[in-house]
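Pasted below: model-v4.pdb, PDB, C-alpha atoms.
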```pdb
MODEL        1
ATOM      1  CA  MET A1451     -22.108 -37.275   1.264  1.00  0.00           C
ATOM      2  CA  ARG A1452     -18.395 -36.718   0.691  1.00  0.00           C
ATOM      3  CA  MET A1453     -19.042 -33.314  -0.945  1.00  0.00           C
ATOM      4  CA  ARG A1454     -20.929 -32.213   2.169  1.00  0.00           C
ATOM      5  CA  HIS A1455     -17.901 -33.079   4.336  1.00  0.00           C
ATOM      6  CA  VAL A1456     -15.576 -31.200   1.986  1.00  0.00           C
ATOM      7  CA  ALA A1457     -17.884 -28.165   2.028  1.00  0.00           C
ATOM      8  CA  ALA A1458     -18.112 -28.272   5.837  1.00  0.00           C
ATOM      9  CA  LEU A1459     -14.307 -28.518   6.134  1.00  0.00           C
ATOM     10  CA  ALA A1460     -13.862 -25.588   3.730  1.00  0.00           C
ATOM     11  CA  ALA A1461     -16.333 -23.459   5.716  1.00  0.00           C
ATOM     12  CA  ALA A1462     -14.625 -24.319   9.010  1.00  0.00           C
ATOM     13  CA  THR A1463     -11.208 -23.491   7.559  1.00  0.00           C
ATOM     14  CA  ALA A1464     -12.453 -20.153   6.228  1.00  0.00           C
ATOM     15  CA  GLY A1465     -13.949 -19.305   9.611  1.00  0.00           C
ATOM     16  CA  LEU A1466     -10.713 -20.169  11.390  1.00  0.00           C
ATOM     17  CA  LEU A1467      -8.637 -18.059   9.007  1.00  0.00           C
ATOM     18  CA  THR A1468     -11.007 -15.112   9.483  1.00  0.00           C
ATOM     19  CA  ALA A1469     -10.760 -15.432  13.266  1.00  0.00           C
ATOM     20  CA  LEU A1470      -6.971 -15.607  13.162  1.00  0.00           C
ATOM     21  CA  SER A1471      -6.664 -12.549  10.939  1.00  0.00           C
ATOM     22  CA  ALA A1472      -8.841 -10.357  13.171  1.00  0.00           C
ATOM     23  CA  PRO A1473      -7.018  -8.139  15.678  1.00  0.00           C
ATOM     24  CA  ALA A1474      -6.612  -9.725  19.085  1.00  0.00           C
ATOM     25  CA  ALA A1475      -8.301  -8.062  22.028  1.00  0.00           C
ATOM     26  CA  VAL A1476      -7.116  -8.033  25.620  1.00  0.00           C
ATOM     27  CA  ALA A1477      -9.269  -9.215  28.503  1.00  0.00           C
ATOM     28  CA  ASP A1478     -10.840  -5.792  29.144  1.00  0.00           C
ATOM     29  CA  GLY A1479     -12.172  -5.655  25.557  1.00  0.00           C
ATOM     30  CA  LYS A1480      -9.780  -2.987  24.271  1.00  0.00           C
ATOM     31  CA  ALA A1481      -7.846  -3.553  21.067  1.00  0.00           C
ATOM     32  CA  SER A1482      -4.187  -4.451  21.384  1.00  0.00           C
ATOM     33  CA  ALA A1483      -1.543  -1.720  21.184  1.00  0.00           C
ATOM     34  CA  GLY A1484      -0.159  -0.588  17.878  1.00  0.00           C
ATOM     35  CA  GLY A1485       3.242  -1.087  16.392  1.00  0.00           C
ATOM     36  CA  LEU A1486       5.350  -1.365  13.273  1.00  0.00           C
ATOM     37  CA  THR A1487       5.536  -3.935  10.522  1.00  0.00           C
ATOM     38  CA  ALA A1488       8.862  -3.391   8.743  1.00  0.00           C
ATOM     39  CA  CYS A1489       9.481  -5.081   5.378  1.00  0.00           C
ATOM     40  CA  ASN A1490      13.059  -5.421   4.152  1.00  0.00           C
ATOM     41  CA  HIS A1491      13.499  -5.034   0.377  1.00  0.00           C
ATOM     42  CA  ARG A1492      17.265  -4.536   0.603  1.00  0.00           C
ATOM     43  CA  ALA A1493      20.090  -7.019  -0.014  1.00  0.00           C
ATOM     44  CA  GLN A1494      21.391  -6.581   3.573  1.00  0.00           C
ATOM     45  CA  ASP A1495      19.872  -7.401   6.955  1.00  0.00           C
ATOM     46  CA  ILE A1496      18.189  -4.417   8.620  1.00  0.00           C
ATOM     47  CA  THR A1497      17.036  -3.404  12.063  1.00  0.00           C
ATOM     48  CA  VAL A1498      14.739  -0.539  13.039  1.00  0.00           C
ATOM     49  CA  GLU A1499      15.643   1.527  16.103  1.00  0.00           C
ATOM     50  CA  PHE A1500      13.316   3.783  18.075  1.00  0.00           C
ATOM     51  CA  PRO A1501      15.339   6.743  19.447  1.00  0.00           C
ATOM     52  CA  LEU A1502      12.520   8.040  21.677  1.00  0.00           C
ATOM     53  CA  ARG A1503      12.440   4.624  23.405  1.00  0.00           C
ATOM     54  CA  GLY A1504      16.039   4.717  24.584  1.00  0.00           C
ATOM     55  CA  GLY A1505      17.413   3.016  21.481  1.00  0.00           C
ATOM     56  CA  PHE A1506      15.036   0.040  21.575  1.00  0.00           C
ATOM     57  CA  SER A1507      15.466  -1.960  18.369  1.00  0.00           C
ATOM     58  CA  THR A1508      13.712  -4.671  16.407  1.00  0.00           C
ATOM     59  CA  TYR A1509      15.249  -8.077  15.850  1.00  0.00           C
ATOM     60  CA  VAL A1510      17.265  -8.460  12.646  1.00  0.00           C
ATOM     61  CA  ILE A1511      15.013  -8.468   9.581  1.00  0.00           C
ATOM     62  CA  ASP A1512      16.362 -10.682   6.798  1.00  0.00           C
ATOM     63  CA  PRO A1513      16.184  -9.545   3.155  1.00  0.00           C
ATOM     64  CA  GLY A1514      12.811 -10.273   1.573  1.00  0.00           C
ATOM     65  CA  THR A1515      10.969 -10.640   4.898  1.00  0.00           C
ATOM     66  CA  CYS A1516       8.781  -8.536   7.187  1.00  0.00           C
ATOM     67  CA  LEU A1517       8.762  -8.309  10.975  1.00  0.00           C
ATOM     68  CA  ARG A1518       5.866  -7.166  13.167  1.00  0.00           C
ATOM     69  CA  THR A1519       6.941  -5.386  16.399  1.00  0.00           C
ATOM     70  CA  ASN A1520       4.463  -4.461  19.145  1.00  0.00           C
ATOM     71  CA  LEU A1521       5.004  -0.992  20.608  1.00  0.00           C
ATOM     72  CA  GLY A1522       3.165  -0.501  23.894  1.00  0.00           C
ATOM     73  CA  GLY A1523       2.417   3.032  25.069  1.00  0.00           C
ATOM     74  CA  GLY A1524       2.013   4.301  21.521  1.00  0.00           C
ATOM     75  CA  ARG A1525       2.528   7.911  20.570  1.00  0.00           C
ATOM     76  CA  ALA A1526       1.500  10.116  17.653  1.00  0.00           C
ATOM     77  CA  ASP A1527       5.098  11.113  16.854  1.00  0.00           C
ATOM     78  CA  GLU A1528       7.019   7.816  17.067  1.00  0.00           C
ATOM     79  CA  GLN A1529      10.440   8.166  15.470  1.00  0.00           C
ATOM     80  CA  ALA A1530      12.201   5.278  13.715  1.00  0.00           C
ATOM     81  CA  VAL A1531      15.524   4.782  11.951  1.00  0.00           C
ATOM     82  CA  ALA A1532      16.207   1.737   9.743  1.00  0.00           C
ATOM     83  CA  TYR A1533      19.815   0.540   9.580  1.00  0.00           C
ATOM     84  CA  ALA A1534      21.362  -1.773   6.980  1.00  0.00           C
ATOM     85  CA  HIS A1535      24.022  -4.063   8.458  1.00  0.00           C
ATOM     86  CA  TYR A1536      27.245  -4.815   6.595  1.00  0.00           C
ATOM     87  CA  SER A1537      30.192  -7.138   7.220  1.00  0.00           C
ATOM     88  CA  GLY A1538      32.623  -6.078   9.907  1.00  0.00           C
ATOM     89  CA  GLY A1539      29.845  -4.824  12.173  1.00  0.00           C
ATOM     90  CA  HIS A1540      29.220  -1.673  10.142  1.00  0.00           C
ATOM     91  CA  LYS A1541      25.751  -0.213   9.803  1.00  0.00           C
ATOM     92  CA  LEU A1542      24.296   2.593   7.734  1.00  0.00           C
ATOM     93  CA  ALA A1543      21.061   4.527   8.311  1.00  0.00           C
ATOM     94  CA  VAL A1544      18.958   3.905   5.187  1.00  0.00           C
ATOM     95  CA  ASP A1545      15.543   5.225   6.259  1.00  0.00           C
ATOM     96  CA  HIS A1546      14.234   7.676   8.864  1.00  0.00           C
ATOM     97  CA  PHE A1547      10.541   8.239   9.465  1.00  0.00           C
ATOM     98  CA  PHE A1548       7.834   9.243  11.926  1.00  0.00           C
ATOM     99  CA  PHE A1549       4.543   7.402  12.433  1.00  0.00           C
ATOM    100  CA  ASP A1550       1.629   7.060  14.850  1.00  0.00           C
ATOM    101  CA  SER A1551       2.428   3.964  16.952  1.00  0.00           C
ATOM    102  CA  ARG A1552      -0.986   3.974  18.622  1.00  0.00           C
ATOM    103  CA  SER A1553      -2.132   1.950  15.610  1.00  0.00           C
ATOM    104  CA  TRP A1554      -0.370  -0.451  13.230  1.00  0.00           C
ATOM    105  CA  TYR A1555       1.892   1.007  10.561  1.00  0.00           C
ATOM    106  CA  THR A1556       3.714  -0.813   7.743  1.00  0.00           C
ATOM    107  CA  ARG A1557       6.989   0.531   6.345  1.00  0.00           C
ATOM    108  CA  HIS A1558       8.786  -0.860   3.303  1.00  0.00           C
ATOM    109  CA  VAL A1559      12.548  -0.271   3.457  1.00  0.00           C
ATOM    110  CA  TYR A1560      14.317  -0.160   0.088  1.00  0.00           C
TER
ENDMDL
END
```

Show how you would write the structure in this file as structure tokens.
Amino acid sequence: MRMRHVAALAAATAGLLTALSAPAAVADGKASAGGLTACNHRAQDITVEFPLRGGFSTYVIDPGTCLRTNLGGGRADEQAVAYAHYSGGHKLAVDHFFFDSRSWYTRHVY
């Protein structure tokens, strides 16, 4: 009897995890907009700025973490610049790239 409960709990947990990992859809049935997942492999904090969006920027991304940023109104030629932040308010461009923001894109910044 107990094994049946454990098996049922495991199946329910697996189903929940599958549902949570699937892309969310909006009320009209269309998939959500695309965006950027930026992963920081540097020793410094980084941000990613989008020059074609008036300088819009991600939140600070700590070393060893990733940040997912939704970008509504995606475009095929989205431009992005990753900046490393140093003490004294200094920043240095460490990566520059183009991607299609109509879907999800992952960038690893080293």

(message) With distances taken over only C-alpha atoms, which residue among A:Ile1511, A:Leu1521, A:Ala1532, A:Leu1486 lies nearest Val1498 in chain A?
(response)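 Comparing A:Ile1511, A:Leu1521, A:Ala1532, A:Leu1486 against Val1498 in chain A, the winner is A:Ala1532.
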
(request) Would you write out, as JSON, numbers by chain, every residue that the PyMOL selection byres ((chain A and resi 1533-1535) around 9) captures in this file? (result) {"A": [1492, 1493, 1494, 1495, 1496, 1497, 1498, 1499, 1531, 1532, 1536, 1537, 1538, 1539, 1540, 1541, 1542, 1543, 1544, 1545]}

Mind dumping the selected residues with C-alpha atoms as a PDB file, in the coordinates of the input?
```
ATOM      1  CA  ARG A1492      17.265  -4.536   0.603  1.00  0.00           C
ATOM      2  CA  ALA A1493      20.090  -7.019  -0.014  1.00  0.00           C
ATOM      3  CA  GLN A1494      21.391  -6.581   3.573  1.00  0.00           C
ATOM      4  CA  ASP A1495      19.872  -7.401   6.955  1.00  0.00           C
ATOM      5  CA  ILE A1496      18.189  -4.417   8.620  1.00  0.00           C
ATOM      6  CA  THR A1497      17.036  -3.404  12.063  1.00  0.00           C
ATOM      7  CA  VAL A1498      14.739  -0.539  13.039  1.00  0.00           C
ATOM      8  CA  GLU A1499      15.643   1.527  16.103  1.00  0.00           C
ATOM      9  CA  VAL A1531      15.524   4.782  11.951  1.00  0.00           C
ATOM     10  CA  ALA A1532      16.207   1.737   9.743  1.00  0.00           C
ATOM     11  CA  TYR A1536      27.245  -4.815   6.595  1.00  0.00           C
ATOM     12  CA  SER A1537      30.192  -7.138   7.220  1.00  0.00           C
ATOM     13  CA  GLY A1538      32.623  -6.078   9.907  1.00  0.00           C
ATOM     14  CA  GLY A1539      29.845  -4.824  12.173  1.00  0.00           C
ATOM     15  CA  HIS A1540      29.220  -1.673  10.142  1.00  0.00           C
ATOM     16  CA  LYS A1541      25.751  -0.213   9.803  1.00  0.00           C
ATOM     17  CA  LEU A1542      24.296   2.593   7.734  1.00  0.00           C
ATOM     18  CA  ALA A1543      21.061   4.527   8.311  1.00  0.00           C
ATOM     19  CA  VAL A1544      18.958   3.905   5.187  1.00  0.00           C
ATOM     20  CA  ASP A1545      15.543   5.225   6.259  1.00  0.00           C
TER      21      ASP A1545
END
```

(message) Could you tell me how far CA of Gly1524 in chain A sits from CA of Asp1512 in chain A, in Å to one decimal place?
(response) 25.4 Å

(request) Check which residues satisfy the PyMOL selection byres ((chain A and resi 1516) around 8) in the file shown, then give them as a ChimeraX atom specification. (result) /A:1487-1490,1511-1512,1514-1515,1517-1518

(request) Can you work out which one of A:Phe1506, A:Ser1551, A:Pro1501, A:Pro1513 has the shortest atom-to-atom distance to Arg1525 in chain A, counting all atoms listed in the file? (result)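 Distance minimum relative to Arg1525 in chain A lands on A:Ser1551.
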
(request) Rank nothing, just name the residue among A:Tyr1509, A:Thr1519, A:Arg1503, A:Gln1529 nearest to Thr1556 in chain A, using only C-alpha atoms. (result) A:Thr1519

(request) Give me, please, the distance in Å between CA of His1558 in chain A and CA of Gly1485 in chain A, quoted to one decimal. (result)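 Taking CA of His1558 in chain A and CA of Gly1485 in chain A, their separation equals 14.2 Å.
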